[in-house]
$ cat data.csv   # CSV, C-alpha atoms
chain,number,residue,atom,x,y,z
X,310,MET,CA,-16.2,-32.2,25.4
X,311,ILE,CA,-19.3,-31.8,23.3
X,312,VAL,CA,-20.0,-34.8,21.0
X,313,LYS,CA,-22.5,-36.2,18.6
X,314,ASN,CA,-22.0,-39.3,16.5
X,315,GLU,CA,-18.3,-39.4,16.9
X,316,GLU,CA,-17.7,-43.2,17.1
X,317,LYS,CA,-15.0,-42.9,14.4
X,318,ARG,CA,-12.9,-40.4,16.3
X,319,ILE,CA,-13.7,-40.3,20.0
X,320,ALA,CA,-11.5,-43.2,21.2
X,321,ARG,CA,-8.4,-41.6,19.6
X,322,CYS,CA,-9.1,-38.4,21.5
X,323,LEU,CA,-9.8,-40.0,24.9
X,324,GLU,CA,-6.9,-42.4,24.6
X,325,SER,CA,-4.5,-39.4,24.2
X,326,VAL,CA,-5.4,-37.9,27.6
X,327,LYS,CA,-6.8,-40.8,29.7
X,328,ASN,CA,-3.6,-41.1,31.8
X,329,VAL,CA,-3.3,-37.4,32.6
X,330,VAL,CA,-6.9,-36.3,33.5
X,331,ASP,CA,-8.8,-37.0,36.7
X,332,GLU,CA,-12.3,-37.1,35.1
X,333,MET,CA,-13.8,-37.0,31.7
X,334,ILE,CA,-17.0,-35.0,31.2
X,335,ILE,CA,-18.9,-35.8,27.9
X,336,VAL,CA,-21.8,-33.7,26.8
X,337,ASP,CA,-23.7,-35.7,24.2
X,338,THR,CA,-26.1,-33.7,22.0
X,339,GLY,CA,-28.0,-36.7,20.5
X,340,SER,CA,-25.7,-39.5,19.3
X,341,THR,CA,-27.4,-42.4,17.6
X,342,ASP,CA,-24.2,-44.5,17.1
X,343,GLY,CA,-21.8,-46.0,19.6
X,344,THR,CA,-20.3,-42.7,20.8
X,345,LYS,CA,-21.7,-42.8,24.3
X,346,GLU,CA,-20.7,-46.5,24.9
X,347,ILE,CA,-17.2,-45.8,23.7
X,348,CYS,CA,-16.9,-42.8,26.1
X,349,ARG,CA,-18.2,-44.8,29.1
X,350,SER,CA,-15.6,-47.5,28.3
X,351,PHE,CA,-13.0,-44.9,29.1
X,352,GLY,CA,-14.6,-44.2,32.4
X,353,ALA,CA,-16.2,-40.9,31.2
X,354,SER,CA,-19.3,-39.4,32.7
X,355,VAL,CA,-21.8,-38.9,29.8
X,356,TYR,CA,-24.5,-36.3,30.1
X,357,THR,CA,-27.4,-36.0,27.6
X,358,TYR,CA,-28.0,-32.5,26.5
X,359,GLU,CA,-30.8,-31.1,24.3
X,360,TRP,CA,-29.1,-29.3,21.5
X,361,LYS,CA,-30.1,-25.6,21.2
X,362,ASP,CA,-27.9,-24.5,18.3
X,363,HIS,CA,-25.4,-23.0,20.7
X,364,PHE,CA,-22.0,-24.5,21.3
X,365,GLY,CA,-21.1,-22.0,24.0
X,366,GLU,CA,-24.1,-23.0,26.1
X,367,ALA,CA,-23.4,-26.7,25.6
X,368,ARG,CA,-19.8,-26.2,26.8
X,369,ASN,CA,-21.0,-24.2,29.9
X,370,PHE,CA,-23.3,-27.1,30.7
X,371,GLY,CA,-20.2,-29.4,30.8
X,372,ILE,CA,-18.3,-26.9,33.0
X,373,ASP,CA,-21.1,-27.1,35.5
X,374,LYS,CA,-20.6,-30.9,35.7
X,375,ALA,CA,-16.8,-30.7,36.3
X,376,SER,CA,-15.4,-31.1,39.8
X,377,GLY,CA,-11.7,-30.5,39.0
X,378,GLU,CA,-9.7,-27.4,39.8
X,379,TRP,CA,-8.6,-27.1,36.2
X,380,ILE,CA,-10.5,-27.8,33.0
X,381,LEU,CA,-9.1,-29.0,29.7
X,382,TRP,CA,-11.5,-28.7,26.7
X,383,LEU,CA,-11.1,-30.6,23.5
X,384,ASP,CA,-13.1,-31.7,20.5
X,385,ALA,CA,-13.7,-35.2,19.3
X,386,ASP,CA,-11.7,-34.6,16.1
X,387,GLU,CA,-8.6,-33.7,18.1
X,388,GLU,CA,-5.9,-35.6,20.0
X,389,VAL,CA,-3.1,-34.5,22.3
X,390,GLU,CA,0.4,-35.5,21.3
X,391,THR,CA,1.1,-38.5,23.5
X,392,ALA,CA,4.7,-37.5,24.4
X,393,ASP,CA,3.5,-34.1,25.5
X,394,ALA,CA,0.3,-35.0,27.4
X,395,HIS,CA,1.9,-35.2,30.9
X,396,HIS,CA,2.9,-31.5,30.6
X,397,LEU,CA,-0.8,-30.5,30.9
X,398,ARG,CA,-0.4,-30.9,34.6
X,399,ASP,CA,2.4,-28.3,34.7
X,400,VAL,CA,-0.3,-25.7,35.3
X,401,PHE,CA,-0.6,-27.0,38.9
X,402,ASN,CA,2.9,-25.5,39.6
X,403,THR,CA,1.9,-21.9,38.9
X,404,GLU,CA,-0.1,-20.1,41.6
X,405,GLU,CA,-0.9,-16.9,39.7
X,406,CYS,CA,-1.8,-18.8,36.5
X,407,TYR,CA,-5.4,-19.0,35.3
X,408,LEU,CA,-4.9,-20.2,31.7
X,409,GLY,CA,-2.8,-22.9,30.1
X,410,LEU,CA,-1.8,-22.2,26.5
X,411,VAL,CA,-1.0,-25.0,24.1
X,412,ARG,CA,0.0,-25.3,20.4
X,413,VAL,CA,-2.9,-26.4,18.2
X,414,ILE,CA,-2.1,-27.8,14.7
X,415,ASN,CA,-5.0,-27.4,12.4
X,416,TYR,CA,-4.6,-29.8,9.4
X,417,TYR,CA,-6.2,-29.3,6.0
X,418,GLY,CA,-6.3,-31.2,2.7
X,419,LYS,CA,-6.7,-34.9,2.1
X,420,ALA,CA,-5.9,-37.8,4.4
X,421,PRO,CA,-3.5,-38.9,5.7
X,422,HIS,CA,-2.7,-35.8,7.6
X,423,ASP,CA,0.5,-34.0,6.8
X,424,SER,CA,2.0,-31.6,9.3
X,425,ASN,CA,3.3,-29.5,6.5
X,426,ARG,CA,-0.2,-28.9,5.3
X,427,SER,CA,-1.5,-27.1,8.4
X,428,HIS,CA,-2.0,-23.9,10.3
X,429,VAL,CA,-0.7,-23.4,13.8
X,430,LEU,CA,-2.1,-21.3,16.6
X,431,GLU,CA,-1.5,-21.0,20.3
X,432,GLN,CA,-4.8,-21.4,22.2
X,433,SER,CA,-6.1,-21.3,25.8
X,434,ARG,CA,-7.2,-24.9,26.3
X,435,LEU,CA,-6.9,-25.1,30.1
X,436,PHE,CA,-8.5,-22.8,32.5
X,437,ARG,CA,-9.3,-22.7,36.2
X,438,ASN,CA,-12.7,-24.0,37.2
X,439,GLU,CA,-14.1,-20.6,38.3
X,440,PRO,CA,-17.5,-19.0,37.7
X,441,ARG,CA,-16.1,-16.1,35.7
X,442,PHE,CA,-14.9,-18.5,33.0
X,443,ARG,CA,-17.7,-19.3,30.5
X,444,PHE,CA,-17.9,-19.8,26.8
X,445,ASN,CA,-19.5,-17.2,24.6
X,446,ASN,CA,-21.0,-17.4,21.1
X,447,ALA,CA,-23.3,-20.0,19.5
X,448,ILE,CA,-20.6,-21.1,17.0
X,449,HIS,CA,-16.8,-20.8,17.1
X,450,GLU,CA,-17.2,-20.4,20.9
X,451,GLN,CA,-14.6,-18.4,22.8
X,452,LEU,CA,-13.7,-18.5,26.5
X,453,SER,CA,-14.4,-15.3,28.3
X,454,ILE,CA,-10.9,-14.1,29.3
X,455,GLU,CA,-11.5,-10.3,29.1
X,456,THR,CA,-11.3,-10.0,32.9
X,457,LEU,CA,-7.9,-11.6,32.9
X,458,ASP,CA,-6.7,-9.3,30.2
X,459,SER,CA,-7.8,-6.2,32.2
X,460,GLU,CA,-6.2,-7.5,35.4
X,461,GLY,CA,-2.9,-8.2,33.6
X,462,TYR,CA,-2.9,-11.9,34.0
X,463,GLY,CA,-1.4,-13.9,31.2
X,464,GLY,CA,-1.4,-17.6,30.4
X,465,THR,CA,1.3,-20.1,31.0
X,466,ARG,CA,2.7,-21.7,27.8
X,467,LEU,CA,2.9,-25.4,28.1
X,468,PRO,CA,5.0,-27.7,25.8
X,469,VAL,CA,1.9,-29.4,24.6
X,470,THR,CA,0.6,-30.0,21.1
X,471,VAL,CA,-3.0,-30.7,20.1
X,472,HIS,CA,-3.7,-32.1,16.7
X,473,HIS,CA,-7.0,-30.9,15.1
X,474,TYR,CA,-8.3,-32.8,12.1
X,475,GLY,CA,-11.7,-31.2,11.9
X,476,TYR,CA,-11.0,-29.2,8.7
X,477,MET,CA,-9.6,-31.9,6.6
X,478,ASP,CA,-11.5,-32.6,3.4
X,479,GLU,CA,-13.1,-35.8,4.5
X,480,THR,CA,-14.4,-34.5,7.8
X,481,VAL,CA,-15.8,-31.2,6.4
X,482,THR,CA,-17.6,-33.1,3.7
X,483,GLU,CA,-19.0,-35.8,6.0
X,484,LYS,CA,-20.3,-33.4,8.6
X,485,LYS,CA,-21.3,-30.7,6.2
X,486,LYS,CA,-19.6,-28.2,8.5
X,487,GLY,CA,-19.8,-25.2,6.2
X,488,GLU,CA,-23.5,-25.3,5.8
X,489,ARG,CA,-24.0,-25.9,9.6
X,490,ASN,CA,-21.6,-23.1,10.6
X,491,LEU,CA,-23.1,-20.5,8.2
X,492,ARG,CA,-26.6,-21.3,9.5
X,493,LEU,CA,-25.5,-20.8,13.1
X,494,LEU,CA,-23.5,-17.7,12.3
X,495,GLU,CA,-26.3,-16.0,10.5
X,496,LYS,CA,-28.5,-16.8,13.5
X,497,GLU,CA,-25.9,-15.3,15.8
X,498,LYS,CA,-26.1,-12.0,13.8
X,499,ASP,CA,-29.7,-11.6,14.9
X,500,ALA,CA,-28.5,-10.9,18.4
X,501,GLU,CA,-28.2,-7.2,19.4
X,502,GLY,CA,-24.6,-6.1,19.7
X,503,TYR,CA,-23.2,-9.4,18.3
X,504,SER,CA,-19.5,-9.9,18.2
X,505,PRO,CA,-17.5,-8.8,15.1
X,506,TRP,CA,-15.9,-12.3,15.4
X,507,VAL,CA,-19.2,-13.5,13.9
X,508,ASP,CA,-18.5,-11.4,10.7
X,509,TYR,CA,-15.0,-12.8,10.5
X,510,HIS,CA,-16.1,-16.4,10.8
X,511,ILE,CA,-18.8,-15.9,8.1
X,512,GLY,CA,-16.1,-14.5,5.9
X,513,SER,CA,-13.9,-17.5,6.7
X,514,GLU,CA,-16.7,-20.0,5.8
X,515,LEU,CA,-17.4,-18.2,2.6
X,516,TYR,CA,-13.7,-18.3,1.7
X,517,ARG,CA,-13.6,-22.0,2.2
X,518,ALA,CA,-16.6,-22.4,0.0
X,519,GLY,CA,-14.9,-20.4,-2.8
X,520,GLU,CA,-17.2,-17.4,-2.5
X,521,PHE,CA,-14.3,-14.9,-2.5
X,522,VAL,CA,-16.2,-11.7,-3.2
X,523,ARG,CA,-18.7,-12.2,-0.4
X,524,ALA,CA,-15.9,-13.4,1.9
X,525,PHE,CA,-13.9,-10.2,1.2
X,526,ASP,CA,-16.9,-8.0,2.0
X,527,GLN,CA,-17.6,-9.9,5.2
X,528,VAL,CA,-14.0,-9.6,6.5
X,529,ASN,CA,-14.0,-5.9,5.8
X,530,VAL,CA,-17.2,-5.6,7.9
X,531,ALA,CA,-15.5,-7.5,10.7
X,532,ILE,CA,-12.5,-5.1,10.6
X,533,ARG,CA,-14.7,-2.0,10.6
X,534,ARG,CA,-16.8,-3.3,13.5
X,535,PHE,CA,-13.7,-4.2,15.6
X,536,LEU,CA,-12.4,-0.6,15.0
X,537,ALA,CA,-15.8,0.9,15.8
X,538,SER,CA,-15.7,-1.0,19.2
X,539,GLY,CA,-12.3,0.5,20.0
X,540,LYS,CA,-10.5,-2.7,19.5
X,541,LYS,CA,-7.6,-3.6,17.3
X,542,PRO,CA,-8.7,-6.1,14.6
X,543,PRO,CA,-7.0,-9.4,15.3
X,544,SER,CA,-4.2,-10.3,12.9
X,545,LEU,CA,-5.9,-13.3,11.3
X,546,LEU,CA,-8.5,-10.9,9.8
X,547,TYR,CA,-5.8,-9.3,7.7
X,548,LYS,CA,-4.4,-12.7,6.8
X,549,LEU,CA,-7.8,-13.7,5.4
X,550,LYS,CA,-8.3,-10.3,3.7
X,551,TYR,CA,-5.1,-10.4,1.7
X,552,THR,CA,-5.3,-14.2,1.0
X,553,ILE,CA,-8.6,-13.5,-0.6
X,554,LEU,CA,-7.2,-10.6,-2.7
X,555,ILE,CA,-4.4,-12.9,-3.9
X,556,ASN,CA,-6.9,-15.6,-4.8
X,557,VAL,CA,-9.0,-13.2,-6.9
X,558,GLY,CA,-5.9,-11.6,-8.6
X,559,SER,CA,-6.3,-8.1,-7.1
X,560,PHE,CA,-2.6,-7.6,-6.6
X,561,GLU,CA,-2.3,-3.9,-7.3
X,562,GLY,CA,-5.1,-3.2,-4.9
X,563,ALA,CA,-3.6,-5.3,-2.2
X,564,ARG,CA,-0.1,-3.8,-2.3
X,565,THR,CA,-0.7,-0.6,-0.2
X,566,GLY,CA,-3.0,-2.3,2.3
X,567,ILE,CA,-0.6,-5.1,3.1
X,568,GLU,CA,2.0,-2.5,4.2
X,569,LEU,CA,-0.4,-1.1,6.7
X,570,ALA,CA,-1.3,-4.5,8.0
X,571,ILE,CA,2.4,-5.3,8.5
X,572,GLN,CA,2.9,-2.1,10.4
X,573,MET,CA,0.1,-3.3,12.8
X,574,TYR,CA,1.6,-6.8,13.1
X,575,PRO,CA,5.4,-6.6,12.3
X,576,ASP,CA,6.0,-10.1,13.7
X,577,TYR,CA,3.4,-11.9,11.7
X,578,VAL,CA,5.2,-13.9,9.0
X,579,ASP,CA,2.1,-14.7,7.0
X,580,LEU,CA,1.6,-11.0,6.2
X,581,TYR,CA,5.1,-10.8,4.8
X,582,PHE,CA,4.5,-14.0,2.9
X,583,CYS,CA,1.3,-12.4,1.4
X,584,LYS,CA,3.3,-9.3,0.5
X,585,GLY,CA,6.0,-11.4,-1.2
X,586,VAL,CA,3.4,-13.2,-3.3
X,587,ILE,CA,1.8,-9.9,-4.3
X,588,LEU,CA,5.1,-8.5,-5.4
X,589,PHE,CA,5.9,-11.7,-7.3
X,590,GLU,CA,2.6,-11.5,-9.2
X,591,LEU,CA,3.3,-7.9,-10.0
X,592,GLN,CA,6.6,-9.1,-11.5
X,593,GLN,CA,8.6,-7.1,-9.0
X,594,PHE,CA,10.9,-10.0,-8.4
X,595,GLU,CA,13.9,-8.3,-6.8
X,596,GLU,CA,11.6,-6.6,-4.1
X,597,ALA,CA,9.9,-9.9,-3.6
X,598,ILE,CA,13.2,-11.7,-3.0
X,599,GLU,CA,13.9,-9.3,-0.1
X,600,VAL,CA,10.5,-10.0,1.4
X,601,PHE,CA,10.8,-13.8,1.2
X,602,LYS,CA,14.2,-13.5,2.9
X,603,GLN,CA,12.4,-11.6,5.7
X,604,CYS,CA,10.0,-14.5,6.0
X,605,LEU,CA,13.0,-16.8,6.5
X,606,GLU,CA,14.4,-14.5,9.2
X,607,ILE,CA,11.1,-14.2,11.0
X,608,LYS,CA,10.3,-17.9,10.8
X,609,GLU,CA,7.1,-19.3,12.2
X,610,GLU,CA,7.6,-18.6,15.9
X,611,ALA,CA,5.0,-15.9,16.7
X,612,ASN,CA,2.5,-18.3,18.4
X,613,GLY,CA,-0.1,-15.7,18.9
X,614,HIS,CA,-0.9,-15.6,15.2
X,615,LEU,CA,-2.7,-18.2,13.0
X,616,THR,CA,0.4,-19.2,11.0
X,617,LEU,CA,0.6,-21.2,7.8
X,618,VAL,CA,3.3,-23.9,8.2
X,619,GLY,CA,5.9,-23.2,5.6
X,620,SER,CA,5.3,-19.4,5.3
X,621,GLY,CA,8.7,-18.8,7.0
X,622,SER,CA,10.4,-21.9,5.6
X,623,PHE,CA,9.7,-24.1,2.6
X,624,HIS,CA,7.0,-22.0,0.9
X,625,ALA,CA,9.3,-18.9,1.2
X,626,TRP,CA,12.2,-20.9,-0.3
X,627,PHE,CA,10.0,-22.1,-3.2
X,628,TYR,CA,9.0,-18.5,-4.0
X,629,LEU,CA,12.6,-17.4,-3.8
X,630,GLY,CA,13.4,-20.0,-6.4
X,631,SER,CA,10.6,-18.8,-8.6
X,632,CYS,CA,11.9,-15.2,-8.3
X,633,TYR,CA,15.4,-16.2,-9.1
X,634,GLN,CA,14.2,-18.2,-12.1
X,635,LYS,CA,12.2,-15.3,-13.4
X,636,LEU,CA,15.4,-13.1,-13.2
X,637,GLY,CA,17.4,-15.8,-15.0
X,638,HIS,CA,19.5,-16.7,-12.0
X,639,ILE,CA,19.1,-20.4,-12.6
X,640,GLN,CA,21.7,-21.7,-10.2
X,641,GLN,CA,20.3,-19.7,-7.3
X,642,ALA,CA,16.8,-20.9,-8.3
X,643,GLU,CA,17.9,-24.5,-8.2
X,644,LEU,CA,19.5,-24.1,-4.8
X,645,ALA,CA,16.3,-22.4,-3.4
X,646,TYR,CA,14.1,-25.2,-4.8
X,647,ILE,CA,16.4,-27.8,-3.2
X,648,GLU,CA,16.1,-26.0,0.1
X,649,ALA,CA,12.3,-26.1,-0.1
X,650,LEU,CA,12.5,-29.8,-0.9
X,651,THR,CA,15.0,-30.5,1.9
X,652,LEU,CA,12.5,-29.0,4.4
X,653,TYR,CA,9.4,-30.6,2.7
X,654,PRO,CA,10.3,-33.4,0.2
X,655,SER,CA,6.6,-33.6,-0.9
X,656,HIS,CA,6.4,-30.0,-2.0
X,657,GLU,CA,4.9,-30.7,-5.5
X,658,GLU,CA,5.5,-27.2,-7.0
X,659,ALA,CA,9.2,-27.3,-6.0
X,660,GLN,CA,9.5,-30.8,-7.4
X,661,GLU,CA,8.0,-29.8,-10.7
X,662,ALA,CA,10.1,-26.6,-11.0
X,663,LEU,CA,13.3,-28.4,-10.3
X,664,TYR,CA,12.4,-31.2,-12.7
X,665,LYS,CA,11.7,-28.7,-15.5
X,666,LEU,CA,14.9,-26.9,-14.9
X,667,GLY,CA,16.8,-30.1,-15.2
X,668,GLN,CA,14.9,-31.1,-18.3
X,669,SER,CA,15.8,-27.8,-20.0
X,670,ARG,CA,19.4,-28.7,-19.7
X,671,GLY,CA,19.0,-32.4,-20.3
X,672,GLU,CA,19.8,-33.2,-16.7
X,673,GLU,CA,18.1,-34.5,-13.6
X,674,ILE,CA,18.6,-32.6,-10.4
X,675,SER,CA,18.4,-34.5,-7.1
X,676,VAL,CA,17.2,-32.9,-3.8
X,677,GLU,CA,20.8,-33.2,-2.5
X,678,GLY,CA,21.9,-30.8,-5.2
X,679,GLU,CA,23.9,-33.3,-7.2
X,680,GLU,CA,23.4,-33.5,-10.9
X,681,ALA,CA,23.3,-36.6,-13.1
X,682,GLU,CA,23.3,-37.0,-16.8

$ encode --input "data.csv" --output "structure tokens"
Amino acid sequence: MIVKNEEKRIARCLESVKNVVDEMIIVDTGSTDGTKEICRSFGASVYTYEWKDHFGEARNFGIDKASGEWILWLDADEEVETADAHHLRDVFNTEECYLGLVRVINYYGKAPHDSNRSHVLEQSRLFRNEPRFRFNNAIHEQLSIETLDSEGYGGTRLPVTVHHYGYMDETVTEKKKGERNLRLLEKEKDAEGYSPWVDYHIGSELYRAGEFVRAFDQVNVAIRRFLASGKKPPSLLYKLKYTILINVGSFEGARTGIELAIQMYPDYVDLYFCKGVILFELQQFEEAIEVFKQCLEIKEEANGHLTLVGSGSFHAWFYLGSCYQKLGHIQQAELAYIEALTLYPSHEEAQEALYKLGQSRGEEISVEGEEAE
């Protein structure tokens, strides 16, 4: 782990894995609070490291200090699901395995965290302690696994969940992550032959800051540079691109492109969800209904994509209700809203829509679908 001034969070993270790891390597980049003392209380080895504006190099420094056959990497604003943690050691049972893949839930919004307000992605969080595995990039560092890909080795999926709280509102504001990340990303662009991932991450930071036009331009640069390098642009670039177009109201311009993106990634439910929203905003409600039904069929099970929780469930049901309501199919709309609320009782838009439908008839509609005067 790399840490700096994490006394509010570090104990939660270390507590979640203390019974399943053999050693804890902490790379401290200049803490002035109680972070180092808390880490040592868990038996961790704490190494002071002079920060050089490069997360990849700091992680590699930590790798060099590790003696284990396998390495698990985490951040201080994460924790492993307690009931799952023992499955991390399942990687020992696979001789030809070099990577362990886990499910990472990235929460957003206000505290307390809500699993229905999150994105989910499968990530390589365990890897064999071998010289060929190092982290690249100064920011949003990535493990170098190109060699494995070329040799045909895959990762082993482990029934383990990691909870990531780093992009919740409080943490982002407190750490000024957006400003720091953009500074490091712009610095990374100065390197010759820099990765197109840098362009994507700049676009993502600009999107979070509400600078949609600049974000759109940047994600398009990333797509072009991936293609120019002979690589297929990763699916989350298209998710970001069409999410931006939806946010700025460019629905007509987005319609053709989203079809091409779906052809590239036909199992990515978020792209179908974007298509449904685009059709809804274009008032093509019957077509939108078919797309949201596809979302429910696909569900949220393609772990290789960054997936919005609800895109294949309660969010799709809510939009189905909205489509039915626009078409005047009120009973079907009510049932769809109820389905959304059954899956996510705190879905505010579905609550409001159902309440207004009941008000229009002088009734109150419960989530169970029963009506009362």

$ atom_distance --input "data.csv" --atom1 "CA of Phe601 (chain X)" --atom2 "CA of Glu661 (chain X)"
20.1 Å

$ residues_around --input "data.csv" --residues "Gly352 (chain X)" --least-positions-apart "4" --cutoff "10 Å" --atoms "all atoms listed in the file" --output "ChimeraX atom specification"
/X:323,327,332-334,346-348

$ residues_around --input "data.csv" --residues "Val411 (chain X)" --least-positions-apart "6" --cutoff "12 Å" --atoms "all atoms listed in the file" --output "ChimeraX atom specification"
/X:381-383,389-390,393-394,396-397,399-400,429-436,464-472,612-613

$ write_last_selection --input "data.csv" --atoms "C-alpha atoms" --output "compact mmCIF listing (two decimals), in the frame of the given file"
# COMPACT_ATOMS: atom_id res chain seq x y z
CA LEU X 381 -9.10 -29.00 29.70
CA TRP X 382 -11.50 -28.70 26.70
CA LEU X 383 -11.10 -30.60 23.50
CA VAL X 389 -3.10 -34.50 22.30
CA GLU X 390 0.40 -35.50 21.30
CA ASP X 393 3.50 -34.10 25.50
CA ALA X 394 0.30 -35.00 27.40
CA HIS X 396 2.90 -31.50 30.60
CA LEU X 397 -0.80 -30.50 30.90
CA ASP X 399 2.40 -28.30 34.70
CA VAL X 400 -0.30 -25.70 35.30
CA VAL X 429 -0.70 -23.40 13.80
CA LEU X 430 -2.10 -21.30 16.60
CA GLU X 431 -1.50 -21.00 20.30
CA GLN X 432 -4.80 -21.40 22.20
CA SER X 433 -6.10 -21.30 25.80
CA ARG X 434 -7.20 -24.90 26.30
CA LEU X 435 -6.90 -25.10 30.10
CA PHE X 436 -8.50 -22.80 32.50
CA GLY X 464 -1.40 -17.60 30.40
CA THR X 465 1.30 -20.10 31.00
CA ARG X 466 2.70 -21.70 27.80
CA LEU X 467 2.90 -25.40 28.10
CA PRO X 468 5.00 -27.70 25.80
CA VAL X 469 1.90 -29.40 24.60
CA THR X 470 0.60 -30.00 21.10
CA VAL X 471 -3.00 -30.70 20.10
CA HIS X 472 -3.70 -32.10 16.70
CA ASN X 612 2.50 -18.30 18.40
CA GLY X 613 -0.10 -15.70 18.90

$ atom_distance --input "data.csv" --atom1 "CA of Arg489 (chain X)" --atom2 "CA of Ile448 (chain X)"
9.5 Å

$ closest_residue --input "data.csv" --among "X:Glu501, X:Asp386, X:Glu590, X:Asp576" --to "Cys604 (chain X)" --atoms "only C-alpha atoms"
X:Asp576

$ residues_around --input "data.csv" --residues "region 625-628 of chain X" --least-positions-apart "6" --cutoff "10 Å" --atoms "all atoms listed in the file" --output "count of residues only"
32

$ atom_distance --input "data.csv" --atom1 "CA of Ser427 (chain X)" --atom2 "CA of Ser655 (chain X)"
13.9 Å

$ closest_residue --input "data.csv" --among "X:Ala392, X:Ile372, X:Ile511, X:Ala500" --to "Val329 (chain X)" --atoms "all atoms listed in the file"
X:Ala392

$ closest_residue --input "data.csv" --among "X:Glu404, X:Glu387, X:Glu378, X:Asp499" --to "Glu439 (chain X)" --atoms "all atoms listed in the file"
X:Glu378

$ closest_residue --input "data.csv" --among "X:Asn402, X:Thr651, X:Asn415, X:Thr480" --to "Glu388 (chain X)" --atoms "all atoms listed in the file"
X:Asn415

$ residues_near_point --input "data.csv" --point "(-1.6, -1.9, 11.1)" --cutoff "12 Å" --atoms "only C-alpha atoms" --output "list in words"
Ile532, Leu536, Lys541, Pro542, Pro543, Ser544, Leu546, Tyr547, Lys548, Thr565, Gly566, Ile567, Glu568, Leu569, Ala570, Ile571, Gln572, Met573, Tyr574, Pro575, Asp576, Tyr577 and Leu580 of chain X

$ closest_residue --input "data.csv" --among "X:Thr391, X:Lys485, X:Thr344, X:Ile587" --to "Phe560 (chain X)" --atoms "only C-alpha atoms"
X:Ile587

$ closest_residue --input "data.csv" --among "X:Ser669, X:Ser622, X:Thr616, X:Ser325" --to "Ile414 (chain X)" --atoms "all atoms listed in the file"
X:Thr616

$ residues_around --input "data.csv" --residues "Ser340 (chain X)" --least-positions-apart "5" --cutoff "12 Å" --atoms "only C-alpha atoms" --output "MDAnalysis selection string"
chainID X and resid 311:316 335 345:348 355:360
